[in-house]
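Undergrad: Following this line is run_10.csv, made up of CSV, C-alpha atoms:
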chain,number,residue,atom,x,y,z
A,1,MET,CA,-7.4,-19.6,28.9
A,2,VAL,CA,-4.5,-19.4,26.4
A,3,LYS,CA,-6.1,-16.5,24.6
A,4,SER,CA,-6.9,-14.8,27.9
A,5,ASP,CA,-3.3,-15.1,29.1
A,6,GLN,CA,-2.0,-13.9,25.7
A,7,ARG,CA,-4.3,-10.9,25.9
A,8,ARG,CA,-3.1,-10.0,29.4
A,9,ARG,CA,0.5,-10.2,28.3
A,10,GLN,CA,-0.3,-8.1,25.3
A,11,LEU,CA,-2.0,-5.5,27.4
A,12,ALA,CA,1.0,-5.5,29.8
A,13,ARG,CA,3.5,-4.9,27.0
A,14,GLU,CA,1.3,-2.2,25.5
A,15,LYS,CA,1.2,-0.5,28.9
A,16,PHE,CA,5.0,-0.8,29.2
A,17,GLU,CA,5.4,0.8,25.7
A,18,ARG,CA,3.1,3.7,26.6
A,19,GLN,CA,5.1,4.3,29.8
A,20,GLN,CA,8.4,4.3,28.0
A,21,GLN,CA,7.1,6.7,25.4
A,22,ARG,CA,5.9,9.1,28.2
A,23,ARG,CA,9.3,8.9,29.8
A,24,VAL,CA,11.0,9.7,26.5
A,25,GLU,CA,8.7,12.7,25.9
A,26,ALA,CA,9.1,13.8,29.5
A,27,ARG,CA,12.9,13.7,29.2
A,28,GLN,CA,12.8,15.7,26.0
A,29,LYS,CA,10.5,18.2,27.6
A,30,ALA,CA,12.7,18.5,30.7
A,31,LYS,CA,15.8,19.0,28.5
A,32,ARG,CA,14.1,21.8,26.6
A,33,ARG,CA,13.0,23.4,29.9
A,34,ASN,CA,16.5,23.1,31.3
A,35,ALA,CA,18.0,24.7,28.2
A,36,VAL,CA,15.6,27.7,28.6
A,37,ILE,CA,16.5,28.0,32.3
A,38,ALA,CA,20.2,27.7,31.6
A,39,SER,CA,19.9,30.5,28.9
A,40,ALA,CA,18.0,32.7,31.3
A,41,LEU,CA,20.6,32.1,34.0
A,42,ALA,CA,23.4,33.0,31.6
A,43,VAL,CA,21.7,36.3,30.8
A,44,VAL,CA,21.3,37.1,34.5
A,45,VAL,CA,24.9,36.2,35.3
A,46,LEU,CA,26.2,38.3,32.4
A,47,ALA,CA,24.1,41.2,33.4
A,48,GLY,CA,24.5,41.1,37.2
A,49,GLY,CA,28.1,39.9,37.4
A,50,ALA,CA,27.9,38.8,41.0
A,51,ALA,CA,24.5,37.0,41.0
A,52,TYR,CA,24.6,33.2,41.8
A,53,PHE,CA,21.8,30.7,41.6
A,54,SER,CA,21.3,27.1,42.6
A,55,ILE,CA,18.5,25.3,40.7
A,56,GLY,CA,17.9,21.5,40.7
A,57,LEU,CA,16.9,20.3,37.3
A,58,SER,CA,15.4,16.9,36.8
A,59,ASP,CA,15.7,14.8,33.7
A,60,GLY,CA,13.0,12.4,34.8
A,61,ASP,CA,9.2,12.7,34.4
A,62,GLY,CA,8.9,14.0,37.9
A,63,SER,CA,6.0,11.8,38.8
A,64,LYS,CA,6.3,9.2,41.6
A,65,ASP,CA,2.7,8.1,41.1
A,66,ASP,CA,3.4,7.2,37.5
A,67,ALA,CA,6.6,5.3,38.4
A,68,ALA,CA,4.8,3.3,41.0
A,69,SER,CA,1.7,2.4,39.0
A,70,GLU,CA,2.9,1.1,35.7
A,71,ALA,CA,3.3,-2.7,35.3
A,72,SER,CA,6.9,-2.7,34.1
A,73,PRO,CA,10.3,-3.3,35.6
A,74,SER,CA,11.4,0.3,35.2
A,75,ALA,CA,13.5,2.8,37.2
A,76,SER,CA,13.4,6.6,36.9
A,77,PRO,CA,16.7,8.1,38.1
A,78,SER,CA,17.1,11.8,37.6
A,79,GLU,CA,19.8,13.3,35.5
A,80,SER,CA,21.8,14.2,38.7
A,81,GLU,CA,21.6,10.5,39.7
A,82,SER,CA,23.3,9.3,36.6
A,83,ALA,CA,26.3,11.7,36.3
A,84,ALA,CA,28.9,9.8,38.4
A,85,PRO,CA,31.2,7.1,36.9
A,86,GLU,CA,30.4,3.5,37.7
A,87,PRO,CA,32.7,1.8,40.3
A,88,LYS,CA,36.2,0.9,39.4
A,89,MET,CA,36.4,-2.8,38.2
A,90,THR,CA,37.7,-4.8,41.2
A,91,ILE,CA,36.0,-8.2,40.8
A,92,ASP,CA,37.5,-11.3,39.1
A,93,LYS,CA,35.8,-11.3,35.7
A,94,ASN,CA,36.2,-15.1,35.4
A,95,ALA,CA,34.6,-15.9,38.7
A,96,LYS,CA,31.1,-16.6,39.9
A,97,TYR,CA,29.6,-14.7,42.8
A,98,THR,CA,26.5,-14.9,45.0
A,99,LEU,CA,24.3,-12.0,45.8
A,100,GLY,CA,22.8,-12.8,49.2
A,101,LEU,CA,19.6,-11.0,50.3
A,102,LYS,CA,18.5,-11.5,53.9
A,103,THR,CA,14.9,-10.3,53.7
A,104,SER,CA,11.9,-10.1,56.1
A,105,GLN,CA,10.3,-12.9,54.0
A,106,GLY,CA,13.2,-15.3,53.9
A,107,ASP,CA,16.8,-15.5,52.5
A,108,ILE,CA,17.4,-15.3,48.8
A,109,ALA,CA,20.7,-16.4,47.2
A,110,ILE,CA,21.3,-15.3,43.7
A,111,ALA,CA,24.0,-16.9,41.5
A,112,MET,CA,25.9,-14.5,39.3
A,113,ASP,CA,28.4,-15.2,36.6
A,114,ALA,CA,30.9,-12.3,36.2
A,115,LYS,CA,32.0,-13.7,32.8
A,116,LYS,CA,28.6,-12.9,31.4
A,117,THR,CA,27.8,-9.7,33.3
A,118,PRO,CA,31.0,-8.1,34.7
A,119,HIS,CA,29.8,-4.6,35.0
A,120,THR,CA,26.6,-5.6,36.7
A,121,VAL,CA,28.3,-8.0,39.2
A,122,ASN,CA,31.0,-5.4,39.9
A,123,SER,CA,28.4,-2.8,40.6
A,124,PHE,CA,26.4,-5.0,43.0
A,125,LYS,CA,29.7,-5.9,44.8
A,126,ALA,CA,30.6,-2.3,45.3
A,127,LEU,CA,27.2,-1.3,46.5
A,128,ALA,CA,26.7,-4.3,48.8
A,129,ASP,CA,30.1,-3.8,50.3
A,130,LYS,CA,29.1,-0.3,51.5
A,131,GLY,CA,25.7,-1.5,52.8
A,132,TYR,CA,23.7,0.1,50.0
A,133,PHE,CA,20.9,-2.5,50.0
A,134,ASP,CA,20.6,-2.8,53.8
A,135,SER,CA,17.2,-1.8,55.2
A,136,THR,CA,15.7,-1.1,51.7
A,137,LYS,CA,12.2,-2.2,50.6
A,138,CYS,CA,11.1,-4.2,47.6
A,139,HIS,CA,8.7,-1.5,46.5
A,140,ARG,CA,6.8,-3.0,43.6
A,141,LEU,CA,5.0,-6.3,42.9
A,142,THR,CA,3.3,-7.1,39.6
A,143,THR,CA,0.8,-10.0,39.4
A,144,GLU,CA,-0.9,-9.4,36.1
A,145,GLY,CA,0.7,-9.7,32.6
A,146,ILE,CA,4.2,-9.9,34.1
A,147,PHE,CA,5.2,-11.5,37.4
A,148,VAL,CA,8.0,-9.7,39.2
A,149,LEU,CA,9.1,-8.3,42.5
A,150,GLN,CA,11.2,-5.1,42.1
A,151,CYS,CA,13.8,-4.2,44.7
A,152,GLY,CA,17.1,-2.2,45.1
A,153,ASP,CA,15.7,1.4,45.4
A,154,PRO,CA,16.9,3.2,48.6
A,155,LYS,CA,14.0,5.7,48.2
A,156,GLY,CA,11.4,2.9,48.0
A,157,ASP,CA,9.3,4.6,45.3
A,158,GLY,CA,10.9,3.6,42.1
A,159,THR,CA,12.9,6.8,41.5
A,160,GLY,CA,16.2,6.0,43.4
A,161,GLY,CA,19.6,5.1,42.1
A,162,PRO,CA,23.2,4.9,43.1
A,163,GLY,CA,24.4,8.1,41.3
A,164,TYR,CA,25.6,6.3,38.1
A,165,THR,CA,24.4,3.9,35.4
A,166,ILE,CA,25.9,0.7,34.0
A,167,GLU,CA,25.8,-0.7,30.5
A,168,ASP,CA,23.4,-3.4,29.4
A,169,GLU,CA,24.8,-6.9,29.3
A,170,ASN,CA,23.9,-10.5,28.4
A,171,LEU,CA,20.8,-9.4,26.5
A,172,THR,CA,20.9,-12.2,23.9
A,173,SER,CA,21.1,-15.0,26.5
A,174,LEU,CA,17.3,-15.6,26.6
A,175,GLY,CA,17.1,-16.2,22.9
A,176,LYS,CA,15.8,-14.4,19.8
A,177,ALA,CA,12.7,-12.2,20.3
A,178,GLY,CA,9.5,-13.6,18.9
A,179,ALA,CA,7.0,-11.9,16.5
A,180,ASP,CA,5.6,-9.9,19.5
A,181,GLY,CA,9.1,-8.5,20.3
A,182,SER,CA,9.4,-10.3,23.6
A,183,VAL,CA,11.4,-13.2,25.1
A,184,THR,CA,10.6,-15.3,28.1
A,185,TYR,CA,12.3,-14.4,31.4
A,186,PRO,CA,12.0,-17.8,33.2
A,187,ALA,CA,10.9,-18.0,36.8
A,188,GLY,CA,13.9,-17.6,39.0
A,189,THR,CA,15.6,-15.0,36.8
A,190,VAL,CA,17.0,-11.8,38.3
A,191,ALA,CA,17.4,-8.9,35.9
A,192,MET,CA,18.1,-5.1,36.0
A,193,ALA,CA,15.4,-2.5,35.8
A,194,ASN,CA,16.0,0.5,33.7
A,195,THR,CA,14.4,3.7,32.4
A,196,GLY,CA,13.4,2.3,29.1
A,197,GLN,CA,16.5,3.6,27.4
A,198,PRO,CA,19.7,1.6,26.7
A,199,HIS,CA,22.4,1.4,29.4
A,200,THR,CA,20.4,3.1,32.2
A,201,GLY,CA,20.6,0.4,34.8
A,202,GLY,CA,21.4,1.5,38.3
A,203,SER,CA,20.7,-0.4,41.5
A,204,GLN,CA,17.1,-1.5,40.9
A,205,PHE,CA,16.5,-5.1,39.9
A,206,PHE,CA,13.5,-7.4,39.6
A,207,LEU,CA,13.0,-11.0,40.7
A,208,VAL,CA,10.9,-13.1,38.3
A,209,TYR,CA,8.6,-15.6,40.2
A,210,LYS,CA,6.7,-16.9,37.2
A,211,ASP,CA,7.7,-17.1,33.5
A,212,THR,CA,7.3,-13.6,32.1
A,213,LYS,CA,7.4,-12.2,28.6
A,214,LEU,CA,9.2,-8.9,28.2
A,215,PRO,CA,11.3,-7.2,25.5
A,216,PRO,CA,15.0,-8.4,25.7
A,217,SER,CA,16.2,-5.1,27.0
A,218,TYR,CA,16.7,-5.9,30.7
A,219,THR,CA,20.1,-7.4,31.7
A,220,PRO,CA,19.5,-10.9,33.1
A,221,PHE,CA,22.4,-11.3,35.6
A,222,GLY,CA,21.4,-13.9,38.1
A,223,THR,CA,19.3,-16.9,39.1
A,224,MET,CA,17.6,-17.4,42.5
A,225,ASP,CA,18.1,-20.5,44.5
A,226,GLU,CA,15.1,-22.8,45.2
A,227,ALA,CA,14.4,-21.4,48.6
A,228,GLY,CA,14.6,-17.8,47.4
A,229,LEU,CA,12.2,-18.5,44.5
A,230,LYS,CA,9.7,-20.0,46.9
A,231,ALA,CA,9.9,-17.0,49.2
A,232,VAL,CA,9.2,-14.6,46.2
A,233,GLU,CA,6.4,-16.9,45.0
A,234,ALA,CA,4.8,-16.6,48.4
A,235,VAL,CA,5.0,-12.8,48.2
A,236,GLY,CA,3.4,-12.9,44.7
A,237,LYS,CA,0.6,-15.2,45.9
A,238,ALA,CA,-0.3,-12.8,48.7
A,239,GLY,CA,-0.8,-10.2,46.1
A,240,VAL,CA,-0.6,-6.4,45.9
A,241,ASP,CA,-1.7,-4.2,48.8
A,242,GLY,CA,-5.2,-2.9,48.0
A,243,GLY,CA,-5.9,-5.7,45.5
A,244,ALA,CA,-4.5,-4.1,42.3
A,245,GLY,CA,-2.3,-6.0,39.9
A,246,ASP,CA,0.7,-3.7,40.4
A,247,GLY,CA,1.9,-1.8,43.4
A,248,ALA,CA,3.4,-2.4,46.9
A,249,PRO,CA,3.3,-6.0,47.9
A,250,LYS,CA,0.7,-6.9,50.5
A,251,LYS,CA,3.3,-9.1,52.2
A,252,ALA,CA,5.9,-6.3,52.7
A,253,VAL,CA,9.5,-7.3,51.8
A,254,THR,CA,12.5,-5.5,53.4
A,255,VAL,CA,16.1,-6.3,52.5
A,256,GLU,CA,17.7,-6.4,55.9
A,257,LYS,CA,21.1,-7.1,54.5
A,258,GLY,CA,22.7,-7.5,51.1
A,259,THR,CA,26.0,-9.1,50.4
A,260,VAL,CA,28.1,-10.2,47.5
A,261,ASP,CA,30.7,-13.0,47.9
A,262,LYS,CA,32.7,-15.1,45.6
A,263,ALA,CA,31.0,-18.5,45.1
Could you take the file, read its structure, and then write that structure out as C-alpha coordinates?

TA:
Amino acid sequence: MVKSDQRRRQLAREKFERQQQRRVEARQKAKRRNAVIASALAVVVLAGGAAYFSIGLSDGDGSKDDAASEASPSASPSESESAAPEPKMTIDKNAKYTLGLKTSQGDIAIAMDAKKTPHTVNSFKALADKGYFDSTKCHRLTTEGIFVLQCGDPKGDGTGGPGYTIEDENLTSLGKAGADGSVTYPAGTVAMANTGQPHTGGSQFFLVYKDTKLPPSYTPFGTMDEAGLKAVEAVGKAGVDGGAGDGAPKKAVTVEKGTVDKA
(Lines of atoms letter the chains of each structure in order from A and count residues from 1; the text may use other names and numbers.)
(Lines give C-alpha, C1' and ligand atoms only; values in the text may rest on other atoms or scores of the structure.)
Protein backbone atom coordinates (compact mmCIF):
# COMPACT_ATOMS: atom_id res chain seq x y z
CA MET A 1 0.00 0.00 0.00
CA VAL A 2 2.85 2.36 0.87
CA LYS A 3 4.55 1.71 -2.45
CA SER A 4 1.24 2.14 -4.26
CA ASP A 5 0.61 5.51 -2.56
CA GLN A 6 4.15 6.63 -3.32
CA ARG A 7 3.72 5.65 -6.96
CA ARG A 8 0.46 7.61 -7.24
CA ARG A 9 2.10 10.67 -5.73
CA GLN A 10 5.06 10.29 -8.10
CA LEU A 11 2.74 10.04 -11.11
CA ALA A 12 0.82 13.11 -9.96
CA ARG A 13 4.02 15.11 -9.58
CA GLU A 14 5.28 13.96 -12.98
CA LYS A 15 1.96 14.97 -14.52
CA PHE A 16 2.26 18.35 -12.80
CA GLU A 17 5.77 18.84 -14.17
CA ARG A 18 4.64 17.96 -17.71
CA GLN A 19 1.81 20.47 -17.45
CA GLN A 20 4.11 23.25 -16.28
CA GLN A 21 6.56 22.50 -19.11
CA ARG A 22 3.73 22.69 -21.64
CA ARG A 23 2.65 26.01 -20.18
CA VAL A 24 6.18 27.43 -20.40
CA GLU A 25 6.48 26.26 -24.01
CA ALA A 26 3.03 27.67 -24.83
CA ARG A 27 3.88 31.03 -23.27
CA GLN A 28 7.13 31.20 -25.24
CA LYS A 29 5.32 30.26 -28.45
CA ALA A 30 2.63 32.89 -27.79
CA LYS A 31 5.25 35.57 -27.16
CA ARG A 32 6.98 34.73 -30.43
CA ARG A 33 3.64 34.83 -32.24
CA ASN A 34 2.74 38.13 -30.62
CA ALA A 35 6.07 39.63 -31.64
CA VAL A 36 5.48 38.61 -35.25
CA ILE A 37 1.95 40.07 -35.20
CA ALA A 38 3.19 43.28 -33.57
CA SER A 39 5.87 43.64 -36.24
CA ALA A 40 3.30 43.09 -38.98
CA LEU A 41 0.99 45.68 -37.44
CA ALA A 42 3.85 48.16 -37.22
CA VAL A 43 4.51 47.72 -40.92
CA VAL A 44 0.82 48.18 -41.76
CA VAL A 45 0.50 51.28 -39.60
CA LEU A 46 3.63 52.83 -41.07
CA ALA A 47 2.45 52.10 -44.61
CA GLY A 48 -1.21 53.04 -44.19
CA GLY A 49 -0.93 55.91 -41.76
CA ALA A 50 -4.61 55.87 -40.80
CA ALA A 51 -5.12 52.12 -40.30
CA TYR A 52 -6.04 50.95 -36.78
CA PHE A 53 -6.37 47.39 -35.50
CA SER A 54 -7.54 45.76 -32.30
CA ILE A 55 -6.22 42.25 -31.72
CA GLY A 56 -6.41 40.29 -28.46
CA LEU A 57 -3.22 38.40 -27.74
CA SER A 58 -3.11 35.64 -25.13
CA ASP A 59 -0.03 34.66 -23.16
CA GLY A 60 -1.62 31.44 -21.92
CA ASP A 61 -1.76 28.06 -23.63
CA GLY A 62 -5.26 28.80 -24.91
CA SER A 63 -6.65 25.43 -23.85
CA LYS A 64 -9.44 25.24 -21.31
CA ASP A 65 -9.53 21.45 -21.58
CA ASP A 66 -5.88 21.21 -20.60
CA ALA A 67 -6.36 23.57 -17.68
CA ALA A 68 -9.32 21.56 -16.43
CA SER A 69 -7.83 18.08 -16.81
CA GLU A 70 -4.40 18.21 -15.19
CA ALA A 71 -4.09 17.10 -11.56
CA SER A 72 -2.37 20.17 -10.18
CA PRO A 73 -3.40 23.34 -8.35
CA SER A 74 -2.71 25.60 -11.30
CA ALA A 75 -4.27 28.71 -12.77
CA SER A 76 -3.87 30.05 -16.30
CA PRO A 77 -4.46 33.81 -16.43
CA SER A 78 -3.80 35.43 -19.78
CA GLU A 79 -1.27 38.20 -20.25
CA SER A 80 -4.06 40.78 -20.22
CA GLU A 81 -5.26 39.44 -16.87
CA SER A 82 -1.94 40.08 -15.14
CA ALA A 83 -1.17 43.61 -16.31
CA ALA A 84 -2.87 45.64 -13.57
CA PRO A 85 -1.18 46.49 -10.26
CA GLU A 86 -2.23 44.60 -7.15
CA PRO A 87 -4.52 46.42 -4.69
CA LYS A 88 -3.07 49.14 -2.49
CA MET A 89 -2.05 47.80 0.92
CA THR A 90 -4.84 48.66 3.36
CA ILE A 91 -4.78 45.84 5.90
CA ASP A 92 -3.07 45.77 9.28
CA LYS A 93 0.06 43.74 8.56
CA ASN A 94 0.30 42.65 12.19
CA ALA A 95 -3.26 41.40 12.48
CA LYS A 96 -5.01 38.10 11.87
CA TYR A 97 -7.97 37.83 9.54
CA THR A 98 -10.68 35.31 8.72
CA LEU A 99 -11.69 34.46 5.17
CA GLY A 100 -15.29 33.31 5.41
CA LEU A 101 -16.77 31.26 2.59
CA LYS A 102 -20.49 30.60 2.72
CA THR A 103 -20.87 27.69 0.31
CA SER A 104 -23.60 25.39 -0.94
CA GLN A 105 -21.92 22.56 0.98
CA GLY A 106 -21.45 24.38 4.27
CA ASP A 107 -19.57 27.31 5.77
CA ILE A 108 -15.77 27.38 5.71
CA ALA A 109 -13.78 29.71 7.97
CA ILE A 110 -10.12 30.17 7.01
CA ALA A 111 -7.68 31.70 9.50
CA MET A 112 -5.09 34.00 7.88
CA ASP A 113 -2.04 35.68 9.42
CA ALA A 114 -1.17 38.96 7.67
CA LYS A 115 2.27 38.96 9.29
CA LYS A 116 3.17 35.86 7.23
CA THR A 117 1.31 36.63 3.99
CA PRO A 118 0.49 40.36 3.83
CA HIS A 119 0.10 40.60 0.06
CA THR A 120 -2.14 37.54 -0.12
CA VAL A 121 -4.35 38.63 2.77
CA ASN A 122 -4.60 42.17 1.42
CA SER A 123 -5.59 40.86 -2.01
CA PHE A 124 -8.30 38.60 -0.59
CA LYS A 125 -9.63 41.47 1.52
CA ALA A 126 -9.82 43.79 -1.50
CA LEU A 127 -11.50 41.15 -3.67
CA ALA A 128 -13.97 40.01 -1.02
CA ASP A 129 -14.99 43.57 -0.19
CA LYS A 130 -16.19 44.06 -3.77
CA GLY A 131 -18.01 40.71 -3.90
CA TYR A 132 -15.50 39.06 -6.24
CA PHE A 133 -15.98 35.55 -4.85
CA ASP A 134 -19.77 35.72 -4.60
CA SER A 135 -21.64 33.16 -6.74
CA THR A 136 -18.45 31.49 -8.00
CA LYS A 137 -17.91 27.75 -8.37
CA CYS A 138 -15.15 25.58 -6.97
CA HIS A 139 -14.32 24.21 -10.39
CA ARG A 140 -11.86 21.41 -9.72
CA LEU A 141 -11.55 18.47 -7.35
CA THR A 142 -8.57 16.12 -7.34
CA THR A 143 -8.83 12.75 -5.60
CA GLU A 144 -5.74 10.89 -6.85
CA GLY A 145 -2.12 11.72 -6.05
CA ILE A 146 -3.06 15.08 -4.55
CA PHE A 147 -6.21 15.87 -2.60
CA VAL A 148 -7.47 19.39 -3.18
CA LEU A 149 -10.58 21.39 -4.03
CA GLN A 150 -9.79 24.45 -6.16
CA CYS A 151 -11.89 27.63 -6.03
CA GLY A 152 -11.68 31.36 -6.67
CA ASP A 153 -12.12 31.47 -10.45
CA PRO A 154 -14.97 33.74 -11.62
CA LYS A 155 -14.93 31.99 -15.00
CA GLY A 156 -15.27 28.56 -13.43
CA ASP A 157 -12.87 26.86 -15.85
CA GLY A 158 -9.42 27.44 -14.35
CA THR A 159 -8.48 30.38 -16.57
CA GLY A 160 -9.90 33.33 -14.65
CA GLY A 161 -8.07 35.92 -12.58
CA PRO A 162 -8.52 39.34 -10.98
CA GLY A 163 -6.45 41.30 -13.52
CA TYR A 164 -3.21 41.29 -11.49
CA THR A 165 -0.82 38.88 -9.83
CA ILE A 166 0.72 38.83 -6.35
CA GLU A 167 4.08 37.69 -5.10
CA ASP A 168 4.74 34.30 -3.50
CA GLU A 169 4.91 34.32 0.29
CA ASN A 170 5.56 31.98 3.21
CA LEU A 171 7.01 29.25 0.97
CA THR A 172 9.44 27.92 3.59
CA SER A 173 6.82 27.48 6.31
CA LEU A 174 6.15 23.83 5.46
CA GLY A 175 9.77 22.79 5.87
CA LYS A 176 12.60 21.80 3.56
CA ALA A 177 11.74 19.85 0.43
CA GLY A 178 12.63 16.17 0.47
CA ALA A 179 14.65 14.24 -2.07
CA ASP A 180 11.60 14.13 -4.32
CA GLY A 181 11.39 17.94 -4.34
CA SER A 182 8.12 18.08 -2.42
CA VAL A 183 6.80 19.05 0.99
CA THR A 184 3.63 18.00 2.74
CA TYR A 185 0.69 20.41 2.64
CA PRO A 186 -1.28 19.15 5.67
CA ALA A 187 -5.02 18.57 5.54
CA GLY A 188 -6.74 21.87 6.31
CA THR A 189 -4.15 23.99 4.52
CA VAL A 190 -5.35 26.66 2.09
CA ALA A 191 -2.84 27.79 -0.55
CA MET A 192 -2.62 29.86 -3.73
CA ALA A 193 -2.80 28.27 -7.16
CA ASN A 194 -0.49 29.69 -9.82
CA THR A 195 0.61 29.22 -13.43
CA GLY A 196 3.70 27.24 -12.52
CA GLN A 197 5.87 30.35 -12.67
CA PRO A 198 7.00 32.40 -9.63
CA HIS A 199 4.78 35.23 -8.38
CA THR A 200 1.76 34.41 -10.58
CA GLY A 201 -0.93 33.96 -7.94
CA GLY A 202 -4.22 35.71 -8.65
CA SER A 203 -7.54 34.79 -7.09
CA GLN A 204 -7.56 31.00 -7.41
CA PHE A 205 -6.77 28.95 -4.32
CA PHE A 206 -7.00 25.35 -3.23
CA LEU A 207 -8.30 23.66 -0.08
CA VAL A 208 -6.32 20.60 1.03
CA TYR A 209 -8.63 17.95 2.51
CA LYS A 210 -6.00 15.21 2.95
CA ASP A 211 -2.24 15.46 3.44
CA THR A 212 -0.78 16.21 0.02
CA LYS A 213 2.78 16.27 -1.30
CA LEU A 214 3.58 19.11 -3.71
CA PRO A 215 6.57 21.29 -4.59
CA PRO A 216 6.93 24.18 -2.09
CA SER A 217 5.90 26.75 -4.70
CA TYR A 218 2.31 27.47 -3.64
CA THR A 219 1.79 30.18 -1.02
CA PRO A 220 0.20 28.58 2.08
CA PHE A 221 -1.85 31.41 3.54
CA GLY A 222 -4.61 29.92 5.67
CA THR A 223 -6.01 27.05 7.69
CA MET A 224 -9.59 25.79 7.56
CA ASP A 225 -11.63 25.40 10.71
CA GLU A 226 -12.81 21.91 11.69
CA ALA A 227 -16.30 22.34 10.24
CA GLY A 228 -14.91 23.67 6.97
CA LEU A 229 -12.45 20.79 6.64
CA LYS A 230 -15.25 18.27 7.19
CA ALA A 231 -17.33 19.95 4.50
CA VAL A 232 -14.48 19.74 1.99
CA GLU A 233 -13.71 16.15 3.01
CA ALA A 234 -17.32 15.26 2.20
CA VAL A 235 -16.94 16.83 -1.24
CA GLY A 236 -13.76 14.81 -1.75
CA LYS A 237 -15.43 11.61 -0.62
CA ALA A 238 -18.26 12.11 -3.14
CA GLY A 239 -15.64 12.18 -5.88
CA VAL A 240 -15.32 13.75 -9.29
CA ASP A 241 -18.23 14.04 -11.69
CA GLY A 242 -17.92 11.18 -14.16
CA GLY A 243 -15.70 9.10 -11.90
CA ALA A 244 -12.29 10.44 -12.94
CA GLY A 245 -9.58 11.44 -10.47
CA ASP A 246 -9.57 15.09 -11.45
CA GLY A 247 -12.34 17.39 -12.65
CA ALA A 248 -15.53 19.08 -11.53
CA PRO A 249 -16.70 17.80 -8.13
CA LYS A 250 -19.71 15.48 -8.23
CA LYS A 251 -21.04 17.33 -5.21
CA ALA A 252 -21.08 20.81 -6.76
CA VAL A 253 -19.68 23.61 -4.60
CA THR A 254 -20.75 27.23 -5.08
CA VAL A 255 -19.29 30.04 -3.00
CA GLU A 256 -22.42 32.02 -2.28
CA LYS A 257 -20.59 34.72 -0.32
CA GLY A 258 -16.96 35.47 0.47
CA THR A 259 -15.89 37.85 3.24
CA VAL A 260 -12.66 38.86 4.96
CA ASP A 261 -12.80 40.27 8.49
CA LYS A 262 -10.29 41.00 11.21
CA ALA A 263 -10.16 38.09 13.65

Undergrad: One decimal, in Å: what's the spacing between CA of Ala191 (chain A) and CA of Pro162 (chain A)?

TA: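 Those two atoms sit 16.6 Å apart.
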
Undergrad: Which residues, written as number ranges by chain, have at least one atom at most 9 Å from region 140-157 of chain A, with all atoms listed in the file counted and residues fewer than 6 positions away on the same chain left out?

TA: A: 5-13, 64-65, 67-69, 71-75, 132-134, 187, 193, 202-214, 232, 235-237, 239-240, 244-250, 253-255

Undergrad: Which one is closest to Arg18 (chain A): A:Gly196, A:Gly258, A:Ser182, A:Glu226? Count all atoms listed in the file.

TA: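 Nearest to Arg18 (chain A): A:Gly196.
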
Undergrad: How many Å lie between CA of Ser217 (chain A) and CA of Val121 (chain A), rounded to one decimal?

TA: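 One can read the CA of Ser217 (chain A) to CA of Val121 (chain A) distance as 17.4 Å.
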
Undergrad: Name the residues in contact with Leu174 (chain A) at a cut-off of 9 Å, using only C-alpha atoms, excluding same-chain residues fewer than 5 positions from it; report them as a list in words.

TA: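 So, after excluding close chain neighbours, the residues are Val183, Thr184, Tyr185, Pro186, Pro216 and Pro220 of chain A.
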
Undergrad: I'd like to know which of A:Leu127, A:Leu229, A:Ala179, A:Ile110 is closest to Pro215 (chain A), using all atoms listed in the file.

TA: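 For Pro215 (chain A), the nearest of the given residues is A:Ala179.
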
Undergrad: Can you tell me, as a ChimeraX atom specification, what residues are no more than 8 Å from Ala109 (chain A) when counting only C-alpha atoms, ignoring any on the same chain fewer than 6 positions away?

TA: /A:98-101,224-225,228

Undergrad: Measure the distance from CA of Phe124 (chain A) to CA of Gly106 (chain A) in Å and round it to one decimal.

TA: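 Calculated distance between CA of Phe124 (chain A) and CA of Gly106 (chain A) is 20.0 Å.
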
Undergrad: Which one is closest to Lys230 (chain A): A:Gly178, A:Gly163, A:Gly188, A:Pro118? Count only C-alpha atoms.

TA: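 Looking at the shortest contact to Lys230 (chain A), the residue is A:Gly188.
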
Undergrad: For Ala114 (chain A), work out the shell of residues within 9 Å, counting only C-alpha atoms and skipping chain neighbours fewer than 3 positions away, then give it as a count of residues only.

TA: 14

Undergrad: As JSON, please: the centre and edge lengths in Å, to one decimal, of an axis-aligned box enclosing every listed atom of region 204-215 of chain A with 6 Å added on each side.

TA:
{"center_x": 11.9, "center_y": -9.3, "center_z": 33.2, "size_x": 22.4, "size_y": 27.6, "size_z": 27.4}

Undergrad: Please determine, counting only C-alpha atoms, which residue among A:Ala177, A:Ala231, A:Ala126, A:Ala238 has the shortest atom-to-atom distance to Thr259 (chain A).

TA: A:Ala126

Undergrad: Compare A:Gly222, A:Gly181, A:Ala111, A:Thr165 by their minimum atom-to-atom distance to Thr195 (chain A), counting all atoms listed in the file, and give me the closest one.

TA: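 Smallest separation from Thr195 (chain A) among the options: A:Thr165.
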